[in-house]
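Chemist: Got data-v1.txt for you, compact mmCIF, C-alpha atoms:
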# COMPACT_ATOMS: atom_id res chain seq x y z
CA MET A 1 112.83 29.44 60.97
CA ASP A 2 113.17 30.24 64.69
CA LYS A 3 116.09 32.63 64.08
CA ARG A 4 114.10 34.26 61.31
CA LEU A 5 111.08 34.72 63.61
CA ASN A 6 113.29 36.04 66.44
CA SER A 7 114.76 38.61 64.06
CA LEU A 8 111.28 39.44 62.77
CA ALA A 9 109.98 40.04 66.30
CA ALA A 10 112.88 42.38 67.07
CA ARG A 11 112.33 44.31 63.84
CA LEU A 12 108.59 44.53 64.55
CA ARG A 13 109.25 46.01 68.00
CA ALA A 14 111.60 48.51 66.36
CA GLY A 15 108.64 49.68 64.24
CA SER A 16 109.75 48.30 60.88
CA HIS A 17 106.96 48.44 58.31
CA GLU A 18 108.87 45.91 56.20
CA ALA A 19 108.78 43.52 59.17
CA ALA A 20 105.01 44.08 59.48
CA ALA A 21 104.60 43.16 55.81
CA GLU A 22 106.76 40.07 56.37
CA LEU A 23 104.62 39.06 59.35
CA VAL A 24 101.53 39.24 57.15
CA ASP A 25 103.28 37.28 54.38
CA ILE A 26 104.24 34.50 56.80
CA TYR A 27 101.02 34.26 58.81
CA TYR A 28 98.10 35.55 56.72
CA TRP A 29 97.00 32.21 55.31
CA GLN A 30 97.54 30.41 58.63
CA ILE A 31 95.44 32.92 60.57
CA TYR A 32 92.76 32.97 57.87
CA LEU A 33 92.51 29.16 58.03
CA PHE A 34 92.45 29.34 61.82
CA MET A 35 89.42 31.64 61.61
CA ARG A 36 87.69 29.38 59.07
CA ARG A 37 88.39 26.33 61.22
CA LEU A 38 86.83 28.10 64.20
CA GLY A 39 83.62 28.35 62.16
CA HIS A 40 83.70 31.90 60.76
CA SER A 41 82.45 32.53 57.21
CA GLY A 42 84.94 33.40 54.47
CA GLN A 43 84.27 37.15 54.56
CA VAL A 44 84.24 37.31 58.35
CA SER A 45 87.49 35.29 58.43
CA GLU A 46 89.13 37.79 56.09
CA ASP A 47 87.98 40.69 58.27
CA LEU A 48 89.07 38.99 61.49
CA THR A 49 92.44 38.08 59.98
CA GLN A 50 93.04 41.70 59.05
CA GLU A 51 91.90 42.79 62.52
CA SER A 52 94.34 40.29 64.05
CA PHE A 53 97.27 41.85 62.20
CA LEU A 54 96.13 45.35 63.10
CA GLN A 55 95.96 44.32 66.78
CA ALA A 56 99.40 42.68 66.51
CA TRP A 57 100.91 45.87 65.11
CA GLN A 58 99.23 48.03 67.75
CA HIS A 59 100.36 45.77 70.61
CA ILE A 60 103.79 44.62 69.42
CA GLY A 61 105.32 46.12 72.56
CA GLN A 62 103.59 43.39 74.59
CA LEU A 63 105.61 40.67 72.88
CA ARG A 64 108.26 39.94 75.50
CA ASN A 65 109.81 36.75 74.16
CA ASP A 66 110.97 36.84 70.53
CA GLY A 67 110.67 33.06 70.33
CA ALA A 68 106.96 33.25 71.18
CA LEU A 69 105.93 35.17 68.05
CA ASN A 70 104.08 32.13 66.66
CA SER A 71 101.89 31.56 69.71
CA TRP A 72 101.53 35.33 70.28
CA ILE A 73 99.94 35.94 66.85
CA TYR A 74 97.56 33.00 67.41
CA HIS A 75 96.71 34.36 70.86
CA ILE A 76 95.76 37.68 69.31
CA ALA A 77 93.74 35.94 66.58
CA GLY A 78 91.95 33.83 69.20
CA ASN A 79 91.04 36.95 71.16
CA VAL A 80 89.75 38.64 68.00
CA SER A 81 87.64 35.56 67.23
CA ARG A 82 86.23 35.34 70.77
CA LEU A 83 85.34 39.04 70.73
CA HIS A 84 83.53 38.55 67.41
CA TRP A 85 81.52 35.60 68.80
CA ARG A 86 80.56 37.63 71.88
CA ARG A 87 79.37 40.50 69.70
CA HIS A 88 77.43 38.16 67.39
CA LYS A 89 75.94 35.63 69.81
CA GLY A 90 73.60 33.15 68.17
CA GLN A 91 75.19 33.54 64.75
CA GLU A 92 77.78 30.79 65.22
CA THR A 93 78.07 28.26 62.48
CA GLY A 94 78.55 24.62 63.31
CA SER A 95 80.77 23.72 60.38
CA ILE A 96 84.47 24.19 60.02
CA GLU A 97 86.40 24.85 56.85
CA GLY A 98 89.98 24.46 55.82
CA PHE A 99 90.20 20.90 57.12
CA ASP A 100 93.17 19.19 55.49
CA ILE A 101 92.22 16.15 53.45
CA PRO A 102 95.20 13.92 52.74
CA ASP A 103 95.87 13.29 49.04
CA GLU A 104 95.66 9.52 49.58
CA THR A 105 91.92 9.81 50.30
CA GLU A 106 91.09 11.28 46.90
CA GLY A 107 88.61 8.97 45.30
CA ASP A 108 88.00 6.93 48.46
CA THR A 109 84.45 7.93 49.35
CA ASP A 110 84.49 6.10 52.69
CA ASP A 111 87.47 8.15 53.88
CA PHE A 112 85.93 11.34 52.50
CA GLU A 113 82.67 10.66 54.35
CA GLU A 114 84.60 9.96 57.54
CA ILE A 115 86.44 13.26 57.20
CA GLU A 116 83.14 15.06 56.63
CA ARG A 117 81.72 13.44 59.79
CA LEU A 118 84.83 14.50 61.71
CA LYS A 119 84.53 18.08 60.41
CA ALA A 120 80.90 18.19 61.51
CA ALA A 121 81.78 16.73 64.92
CA VAL A 122 84.57 19.25 65.51
CA GLY A 123 82.18 22.01 64.45
CA GLN A 124 79.73 20.92 67.15
CA LEU A 125 82.27 21.06 69.99
CA PRO A 126 82.01 23.88 72.51
CA ARG A 127 84.16 26.85 71.46
CA LYS A 128 87.00 26.24 73.94
CA LEU A 129 87.30 22.57 73.02
CA LYS A 130 87.07 23.34 69.29
CA GLU A 131 89.82 25.93 69.68
CA ALA A 132 92.06 23.34 71.38
CA VAL A 133 91.57 20.84 68.54
CA VAL A 134 92.11 23.49 65.88
CA LEU A 135 95.25 24.94 67.45
CA HIS A 136 96.96 21.62 68.06
CA TYR A 137 95.77 19.28 65.33
CA MET A 138 94.91 21.65 62.49
CA GLN A 139 97.28 24.57 63.01
CA HIS A 140 100.04 22.16 64.11
CA LEU A 141 101.08 24.10 67.22
CA THR A 142 102.85 22.19 69.96
CA ILE A 143 100.97 21.72 73.24
CA SER A 144 103.08 24.49 74.77
CA GLU A 145 102.49 26.91 71.86
CA ALA A 146 98.78 26.08 71.69
CA ALA A 147 98.33 26.62 75.43
CA GLU A 148 100.11 29.96 75.19
CA ALA A 149 98.00 30.91 72.16
CA ALA A 150 94.83 30.02 74.08
CA GLY A 151 96.08 32.01 77.06
CA ILE A 152 95.90 29.07 79.46
CA ARG A 153 98.29 26.77 81.29
CA GLU A 154 99.51 23.60 79.58
CA GLY A 155 97.66 21.35 82.01
CA THR A 156 94.39 23.16 81.31
CA PHE A 157 95.02 22.92 77.57
CA LYS A 158 95.73 19.19 77.79
CA SER A 159 92.52 18.73 79.77
CA ARG A 160 90.50 20.60 77.12
CA LEU A 161 92.12 18.58 74.37
CA SER A 162 91.34 15.34 76.21
CA ARG A 163 87.69 16.37 76.71
CA ALA A 164 87.46 17.35 73.05
CA LEU A 165 88.82 14.01 71.87
CA LYS A 166 86.43 12.12 74.15
CA GLY A 167 83.55 14.19 72.79
CA LEU A 168 84.61 13.52 69.21
CA LYS A 169 84.93 9.81 69.90
CA LYS A 170 81.35 9.75 71.25
CA GLN A 171 79.96 11.70 68.29
CA ILE A 172 81.72 9.62 65.65
CA ALA A 173 81.26 6.18 67.22
Please lay out the structure from this file as structure tokens.
Modeler:
Amino acid sequence: MDKRLNSLAARLRAGSHEAAAELVDIYYWQIYLFMRRLGHSGQVSEDLTQESFLQAWQHIGQLRNDGALNSWIYHIAGNVSRLHWRRHKGQETGSIEGFDIPDETEGDTDDFEEIERLKAAVGQLPRKLKEAVVLHYMQHLTISEAAEAAGIREGTFKSRLSRALKGLKKQIA
């Protein structure tokens, strides 16, 4: 996949519309879920996902490292989300959507209730801590990729993740 993404990044910088369509094909659902997991409604998530791809296309020249396409698109999406929250202060939702429920828990109401409590707890985290949890644990980015996507150093990201996990532990205990 890395070679494919490197090639995609090069084709995007060359202005290929086919590459732009491929970028959307690869990342649309991931970015949409990212927005939902950050607490945006379904319609707002669709709009912000589209805005993220528009921003990516307009700023493709800023992508310096072909191998960083994954974290770069999340960085753009994170910025789009933060801008939306700033413009719509006080309208934040506390819940998160798109939380993966393992198949083994189907029918086990205790596990389902625990997952619902965890979803609610993540939804109550401050935005920066929620973003750290979502990027690393829900979007499955490495610490390095997640830090780059958040636009912060790895040490800062690890600190946010640690604070988030401590906060979740307190809320769920």
Chemist: Measuring atom to atom with all atoms listed in the file, identify which of A:Ala56, A:Arg36, A:Arg4, A:Gly78 is nearest to Met138 of chain A.
Modeler: A:Arg36
Chemist: How many Å separate atom CA of Asp47 of chain A from atom CA of Arg86 of chain A?
Modeler: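 Between these atoms lies a distance of 15.8 Å.
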Chemist: By how many Å are atom CA of Tyr137 of chain A and atom CA of Gly155 of chain A apart?
Modeler: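 Answer for the atom CA of Tyr137 of chain A to atom CA of Gly155 of chain A separation: 16.9 Å.
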Chemist: Using only C-alpha atoms, pick whichever of A:Arg160, A:His75, A:Lys169, A:Arg64 has the shortest atom-to-atom distance to Lys128 of chain A.
Modeler: A:Arg160
Chemist: Take the point (90.8, 31.1, 53.7) in the file's coordinates, draw a sphere of radius 9 Å around it, and report as a PDB file with C-alpha atoms, keeping the file's coordinate frame every protein, DNA or RNA residue with an atom inside or on it, counting all atoms listed in the file.
Modeler:
ATOM      1  CA  TRP A  29      97.000  32.210  55.310  1.00  0.00           C
ATOM      2  CA  GLN A  30      97.540  30.410  58.630  1.00  0.00           C
ATOM      3  CA  ILE A  31      95.440  32.920  60.570  1.00  0.00           C
ATOM      4  CA  TYR A  32      92.760  32.970  57.870  1.00  0.00           C
ATOM      5  CA  LEU A  33      92.510  29.160  58.030  1.00  0.00           C
ATOM      6  CA  PHE A  34      92.450  29.340  61.820  1.00  0.00           C
ATOM      7  CA  MET A  35      89.420  31.640  61.610  1.00  0.00           C
ATOM      8  CA  ARG A  36      87.690  29.380  59.070  1.00  0.00           C
ATOM      9  CA  GLY A  42      84.940  33.400  54.470  1.00  0.00           C
ATOM     10  CA  GLN A  43      84.270  37.150  54.560  1.00  0.00           C
ATOM     11  CA  SER A  45      87.490  35.290  58.430  1.00  0.00           C
ATOM     12  CA  GLU A  46      89.130  37.790  56.090  1.00  0.00           C
ATOM     13  CA  GLU A  97      86.400  24.850  56.850  1.00  0.00           C
ATOM     14  CA  GLY A  98      89.980  24.460  55.820  1.00  0.00           C
TER      15      GLY A  98
END
